[in-house]
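Colleague: Please see the structure below; I have some questions.
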Amino acid sequence: MYCLVLLSLFLSFVINGSFIGRYIGHRGSMIAGICLSFVSLVTSILIWYEVIIGHCETYINLFGTWISIGTFNINWDVYYDSISAHMILTLAVVSFAVHCYSTVYMKADPHLNLFISYLSLFTFFMVVLVSANNMLGMFVGFEGIGICSYLLIGYWSHRLAASKSALKAIVVNRISDGLLLWSIIWLWWYTGSLEYDLILLNDSNNISSFISIALLLGCAAKSVQIIFHVWLADSMEGPTPVSALIHAATLVTAGVYVMVRLSIFDNTLVLLVGSLTAIMGAVFGLFQNDLKRVIAFSTCSQLGYMMVSVGLGEIGVEASISHLSTHASFKAGLFLAAGVVITSTGGIQHMGRYGGITGSHCTLFGYLTLLLCGISLMGLPETSGFYSKETIINLSYVYFHPFAEYAHTLLLLAAFVTCTYTIKLFVQSFFYDYSGLDLNISPASKPKSILLSVALSVLLLDIVAKIWIGSSLLSGILFFVPWLVKTLPVCLIIAGFLTATTAVTSKNFSIIRFNATRWGFDQLYARTIVLAVLDWGRITWTAGDKGLFAVNNQKVRF
């Protein structure tokens, strides 16, 4: 049972990505992908029950020893504890919903079986990352999801923007992967092991601060923290199911998961990076007009919350996993519902061209899903997002650290801006008529499929289940937080609603232009690092390569 979650996903990849996929056709590929994804979902539920309810942590040695150098051995191990059980269940829920949704959204694509195989392989490598017992096994999954993200973001290779976005994503991630590999090597040098438990048994004072910084930077690109966030918005060029899978529970959460597993970080630096990312992502999302990019930058902001929580000690680690689980469900629901809206409006993603969209245009179920997931993103009381997000905000208030108070303030500002751009999204798309079109126009192609309802229902049920079942018990230890501090996030929801309704028609173009260009990070990198690398390449080619090749003792002229 414990290996079936891996086996089913890999089998889906093999069937859909090989000649078998051509033989069974698109319909057979859809059935195989959905059925095997459902098997992984059921298996992950059973694993979660055994580990969480039954308190039965599981360790399995799959293929024996992988690497053996003297007394140092690396095994192919699968290890399920409370953290990995929560993560695998979250992955399986989102992956199953995305597989169902993809069969509707991509039904006209001539290479649907290949697309489903990429989705299955992506989820497979993410499960490898989560279930690994050592950092080398984790790194295999880490690299696997990076390669699959390149294939998925650039899936529409006939579009130049998609190809460039995929290349940009993999270049940025390769830089951080190099830092992560460097930190793994040095962790082995300092501790003599790569297993998580044995690394944590070592005194953190014996581990160089440079290693913890390299590990943080290695995780920062995957989790789109500040400075490494530049690939996030461009990755929206991929299909909407890819955006839902990457930005909900897989690629962007990999860095947070690795940091949760290891506690060798400088908390000040983690709090600084996380809080700045939270406010930066919120501000960028406020000034975007592309529907998918608004949701993407909300992911960036929420990952900042998770990163801050990692820096809040052992209790914060549990809060981080809790918010990661709840965020995955409502963020996937937001992306999938946004895909319904985009399909219904003929592929238009600019919110300024919507105006007056109703449930009759984008299906009532899609509209309600977008509304409920948006409410969870804002953190309205009695939603799953409220419990997980407010726990992090309250922990940052009570945690004893010099920078925790500043992080608490920045998180509150980020919560206010989050409410503002979420309300702005609804007002701009559904209430105001920017397009000037008749409100009663019929949709371009309103999607109708039972699989669409299944995908959205699974995510909504997961959101509701996390309210009763819960993914964290931290709320009970925060009763001593002052009443005003605990109710402040709710007040910010009201303030964000009022701000959005008044600021949606703002004409302050200088502020809009500065924030809409994402503070000029892309231009800064293009004019400094990229130009320098291109110049160095030109110099080395001219001085080192040109004229050095010879054929029959004759120099080749370039």
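A note on labels: chains of the structure tokens are A, B, ... as shown, every chain counts residues from 1, and ligands are counted from 1 in their shown order.
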I'd like the neighbourhood of segment 267-271 of chain A as a list in words, where a residue qualifies if any of its atoms comes within 8 Å (using only C-alpha atoms), though same-chain residues fewer than 5 positions away should be ignored.

Modeller: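 Everything that qualifies: Leu216, Met307, Val308, Ser309, Val310, Gly311, Leu312, Phe403, Ala404 and Ala407 of chain A.
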
Colleague: Could you write out the selected residues, including N, CA and C atoms, as a PDB file, in the first residue's frame?

Modeller:
ATOM      1  N   LEU A 216      19.046  27.949   2.358  1.00  0.00           N
ATOM      2  CA  LEU A 216      17.911  28.870   2.244  1.00  0.00           C
ATOM      3  C   LEU A 216      17.783  29.397   0.820  1.00  0.00           C
ATOM      4  N   MET A 307       7.168  30.850   4.941  1.00  0.00           N
ATOM      5  CA  MET A 307       8.587  31.010   5.239  1.00  0.00           C
ATOM      6  C   MET A 307       8.779  31.700   6.594  1.00  0.00           C
ATOM      7  N   VAL A 308       7.957  32.694   6.885  1.00  0.00           N
ATOM      8  CA  VAL A 308       8.015  33.334   8.203  1.00  0.00           C
ATOM      9  C   VAL A 308       7.731  32.315   9.295  1.00  0.00           C
ATOM     10  N   SER A 309       6.744  31.462   9.063  1.00  0.00           N
ATOM     11  CA  SER A 309       6.386  30.461  10.065  1.00  0.00           C
ATOM     12  C   SER A 309       7.533  29.483  10.323  1.00  0.00           C
ATOM     13  N   VAL A 310       8.305  29.148   9.282  1.00  0.00           N
ATOM     14  CA  VAL A 310       9.466  28.270   9.468  1.00  0.00           C
ATOM     15  C   VAL A 310      10.467  28.905  10.425  1.00  0.00           C
ATOM     16  N   GLY A 311      10.585  30.231  10.382  1.00  0.00           N
ATOM     17  CA  GLY A 311      11.519  30.925  11.261  1.00  0.00           C
ATOM     18  C   GLY A 311      11.009  31.143  12.670  1.00  0.00           C
ATOM     19  N   LEU A 312       9.820  30.623  13.000  1.00  0.00           N
ATOM     20  CA  LEU A 312       9.231  30.825  14.326  1.00  0.00           C
ATOM     21  C   LEU A 312       9.398  29.608  15.230  1.00  0.00           C
ATOM     22  N   PHE A 403      13.205  40.423  15.493  1.00  0.00           N
ATOM     23  CA  PHE A 403      12.599  40.800  14.215  1.00  0.00           C
ATOM     24  C   PHE A 403      11.158  40.319  14.092  1.00  0.00           C
ATOM     25  N   ALA A 404      10.662  39.539  15.069  1.00  0.00           N
ATOM     26  CA  ALA A 404       9.319  38.976  14.962  1.00  0.00           C
ATOM     27  C   ALA A 404       8.250  40.067  14.929  1.00  0.00           C
ATOM     28  N   ALA A 407       8.120  41.417  11.463  1.00  0.00           N
ATOM     29  CA  ALA A 407       7.481  40.427  10.598  1.00  0.00           C
ATOM     30  C   ALA A 407       5.972  40.424  10.802  1.00  0.00           C
TER      31      ALA A 407
END

Colleague: I'd like the neighbourhood of segment 148-161 of chain A as number ranges by chain, where a residue qualifies if any of its atoms comes within 10 Å (using only C-alpha atoms), though same-chain residues fewer than 6 positions away should be ignored.

Modeller: A: 109, 111, 114-115, 118-123, 125, 167-171, 234-243, 245-246, 250-251

Colleague: Quick one: of A:Leu459, A:Leu11, A:Ala296, A:Ile185, who's nearest to Val252 of chain A, counting only C-alpha atoms?

Modeller: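 Closest residue, counting only C-alpha atoms: A:Ala296.
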
Colleague: Can you list, as a VMD selection string, every protein, DNA or RNA residue that comes within 7 Å of Met351 of chain A when you count only C-alpha atoms, leaving out same-chain residues fewer than 5 positions away?

Modeller: chain A and resid 289 to 291 428 to 429

Colleague: For those residues, write C-alpha atoms to a file as a PDB file, in the first residue's frame.

Modeller:
ATOM      1  CA  ASN A 289      -4.633  42.972 -14.513  1.00  0.00           C
ATOM      2  CA  ASP A 290      -4.044  39.434 -15.767  1.00  0.00           C
ATOM      3  CA  LEU A 291      -6.371  37.065 -13.898  1.00  0.00           C
ATOM      4  CA  GLN A 428     -13.347  44.300 -11.772  1.00  0.00           C
ATOM      5  CA  SER A 429     -14.480  41.014 -13.296  1.00  0.00           C
TER       6      SER A 429
END

Colleague: Please indicate the distance in Å from atom CA of Ile67 of chain A to atom CA of Asn134 of chain A, rounded to one decimal place.

Modeller: 12.2 Å

Colleague: Do you know which residues are at most 10 Å from segment 38-50 of chain A counting only C-alpha atoms, after dropping those on the same chain fewer than 4 positions away, and could you put them as number ranges by chain?

Modeller: A: 1-9, 32-34, 54-58, 80-97, 99-100, 124

Colleague: Between A:Trp182, A:Phe386, A:Phe287, A:Trp189, single out the one closest to Thr326 of chain A, counting only C-alpha atoms.

Modeller: A:Phe386

Colleague: Which is closer to Ser165 of chain A than all the others in A:Val230, A:Leu200, A:Val294, A:Ala332, using only C-alpha atoms?

Modeller: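 Residue with the minimum atom-to-atom distance to Ser165 of chain A: A:Val230.
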
Colleague: Mind checking which residues fall within 7 Å of Ile393 of chain A, counting only C-alpha atoms, ignoring those fewer than 4 positions away in the same chain, and posting them as a list in words?

Modeller: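 My reading of the contact set: Lys389, Tyr397, His408 and Leu411 of chain A.
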
Colleague: Store the residues picked out above in a file with N, CA and C atoms, as a PDB file, in the first residue's frame.

Modeller:
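Resulting contents of part-v2.pdb:
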ATOM      1  N   LYS A 389      -3.830  30.849   8.478  1.00  0.00           N
ATOM      2  CA  LYS A 389      -3.135  32.129   8.327  1.00  0.00           C
ATOM      3  C   LYS A 389      -3.078  32.891   9.648  1.00  0.00           C
ATOM      4  N   TYR A 397       3.389  37.316  16.554  1.00  0.00           N
ATOM      5  CA  TYR A 397       3.199  38.337  17.596  1.00  0.00           C
ATOM      6  C   TYR A 397       3.777  37.898  18.938  1.00  0.00           C
ATOM      7  N   HIS A 408       5.539  40.560  12.058  1.00  0.00           N
ATOM      8  CA  HIS A 408       4.107  40.605  12.338  1.00  0.00           C
ATOM      9  C   HIS A 408       3.445  41.791  11.642  1.00  0.00           C
ATOM     10  N   LEU A 411       3.269  41.122   7.878  1.00  0.00           N
ATOM     11  CA  LEU A 411       2.249  40.120   7.565  1.00  0.00           C
ATOM     12  C   LEU A 411       0.849  40.718   7.642  1.00  0.00           C
TER      13      LEU A 411
END

Colleague: How far is it from atom CA of Val258 of chain A to atom CA of Leu129 of chain A, in Å with one decimal?

Modeller: 9.0 Å

Colleague: I want to know what sits within 6 Å of Ala221 of chain A, based on only C-alpha atoms, with residues of the same chain fewer than 3 positions away left out; could you give that as a PyMOL selection string?

Modeller: chain A and resi 173+176+224+228

Colleague: Could you tell me, as an NGL selection string, which residues of segment 249-378 of chain A DSSP assigns to alpha helix (DSSP H) when given the backbone?

Modeller: :A and (251-261 or 267-286 or 291-310 or 313-344 or 359-362 or 364-378)

Colleague: Please produce a file of those selected residues containing C-alpha atoms, as a compact mmCIF listing (two decimals), in the first residue's frame.

Modeller:
# COMPACT_ATOMS: atom_id res chain seq x y z
CA LEU A 251 6.81 22.94 -7.16
CA VAL A 252 6.48 26.11 -5.10
CA THR A 253 5.99 24.20 -1.84
CA ALA A 254 9.08 22.01 -2.32
CA GLY A 255 11.43 24.63 -0.88
CA VAL A 256 9.21 25.20 2.16
CA TYR A 257 9.02 21.44 2.76
CA VAL A 258 12.82 21.08 2.73
CA MET A 259 13.16 23.95 5.18
CA VAL A 260 10.54 22.41 7.44
CA ARG A 261 12.55 19.18 7.48
CA ASN A 267 15.83 32.72 12.04
CA THR A 268 16.45 36.42 11.45
CA LEU A 269 17.25 35.87 7.79
CA VAL A 270 14.29 33.51 7.32
CA LEU A 271 11.90 35.98 8.93
CA LEU A 272 13.29 38.81 6.81
CA VAL A 273 13.03 36.92 3.52
CA GLY A 274 9.56 35.56 4.30
CA SER A 275 8.02 38.83 5.45
CA LEU A 276 9.42 40.81 2.51
CA THR A 277 8.16 38.14 0.11
CA ALA A 278 4.69 38.26 1.68
CA ILE A 279 4.29 42.02 1.23
CA MET A 280 6.03 42.04 -2.17
CA GLY A 281 3.76 39.34 -3.62
CA ALA A 282 0.67 41.08 -2.27
CA VAL A 283 1.63 44.45 -3.79
CA PHE A 284 2.47 42.87 -7.16
CA GLY A 285 -0.85 41.05 -7.19
CA LEU A 286 -2.73 44.27 -6.47
CA LEU A 291 -6.37 37.07 -13.90
CA LYS A 292 -3.88 34.21 -13.61
CA ARG A 293 -1.01 36.51 -12.61
CA VAL A 294 -3.04 37.97 -9.75
CA ILE A 295 -3.59 34.47 -8.38
CA ALA A 296 0.08 33.59 -9.03
CA PHE A 297 1.36 36.52 -6.98
CA SER A 298 -1.07 35.64 -4.22
CA THR A 299 0.78 32.30 -4.12
CA CYS A 300 4.06 34.19 -3.76
CA SER A 301 2.61 36.16 -0.86
CA GLN A 302 1.25 33.09 0.94
CA LEU A 303 4.60 31.33 0.55
CA GLY A 304 6.08 34.29 2.39
CA TYR A 305 3.74 33.49 5.29
CA MET A 306 4.97 29.89 5.29
CA MET A 307 8.59 31.01 5.24
CA VAL A 308 8.01 33.33 8.20
CA SER A 309 6.39 30.46 10.07
CA VAL A 310 9.47 28.27 9.47
CA GLY A 313 10.74 27.71 15.89
CA GLU A 314 9.31 24.22 16.25
CA ILE A 315 5.74 25.44 16.71
CA GLY A 316 6.03 27.55 13.58
CA VAL A 317 7.06 24.49 11.56
CA GLU A 318 3.71 22.85 12.29
CA ALA A 319 1.88 26.08 11.45
CA SER A 320 3.77 26.25 8.16
CA ILE A 321 2.68 22.75 7.12
CA SER A 322 -0.87 23.58 8.20
CA HIS A 323 -1.03 26.67 5.99
CA LEU A 324 0.67 24.79 3.16
CA SER A 325 -2.09 22.14 3.24
CA THR A 326 -5.01 24.56 3.41
CA HIS A 327 -3.49 26.93 0.85
CA ALA A 328 -2.99 24.12 -1.67
CA SER A 329 -6.71 23.33 -1.83
CA PHE A 330 -8.15 26.80 -2.19
CA LYS A 331 -5.36 27.98 -4.50
CA ALA A 332 -5.91 25.03 -6.85
CA GLY A 333 -9.62 25.83 -6.75
CA LEU A 334 -8.89 29.46 -7.66
CA PHE A 335 -6.80 28.48 -10.66
CA LEU A 336 -9.27 25.90 -11.94
CA ALA A 337 -12.22 28.27 -11.53
CA ALA A 338 -10.19 30.99 -13.26
CA GLY A 339 -9.65 28.56 -16.13
CA VAL A 340 -13.42 28.16 -16.42
CA VAL A 341 -13.77 31.96 -16.63
CA ILE A 342 -11.02 32.23 -19.24
CA THR A 343 -12.54 29.47 -21.36
CA SER A 344 -16.00 31.04 -21.12
CA GLY A 359 -22.78 32.52 -13.42
CA SER A 360 -24.59 32.10 -16.72
CA HIS A 361 -21.33 32.92 -18.52
CA CYS A 362 -18.85 30.80 -16.54
CA LEU A 364 -22.62 28.87 -11.49
CA PHE A 365 -20.45 26.16 -9.90
CA GLY A 366 -17.27 27.77 -11.25
CA TYR A 367 -18.37 31.18 -10.00
CA LEU A 368 -19.15 29.85 -6.51
CA THR A 369 -15.84 27.98 -6.40
CA LEU A 370 -13.95 31.16 -7.26
CA LEU A 371 -15.92 33.03 -4.58
CA LEU A 372 -15.43 30.45 -1.81
CA CYS A 373 -11.73 29.97 -2.54
CA GLY A 374 -11.26 33.75 -2.67
CA ILE A 375 -12.90 34.05 0.74
CA SER A 376 -10.54 31.40 2.10
CA LEU A 377 -7.58 33.28 0.61
CA MET A 378 -8.66 36.46 2.41

Colleague: A:Ala532, A:Leu187, A:Leu112, A:Ile450: which is nearest Arg22 of chain A, counting only C-alpha atoms?

Modeller: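 Ranking A:Ala532, A:Leu187, A:Leu112, A:Ile450 by distance to Arg22 of chain A, first place goes to A:Leu112.
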
Colleague: Quick one: DSSP strand (DSSP E or B) residues in segment 73-210 of chain A, as a list in words?

Modeller: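 Selection result, strand (DSSP E or B) within segment 73-210 of chain A: Asn73, Ile74, Asn75, Trp76, Asp77, Val78, Tyr79, Tyr80, Ala132, Asn134 and Glu195 of chain A.
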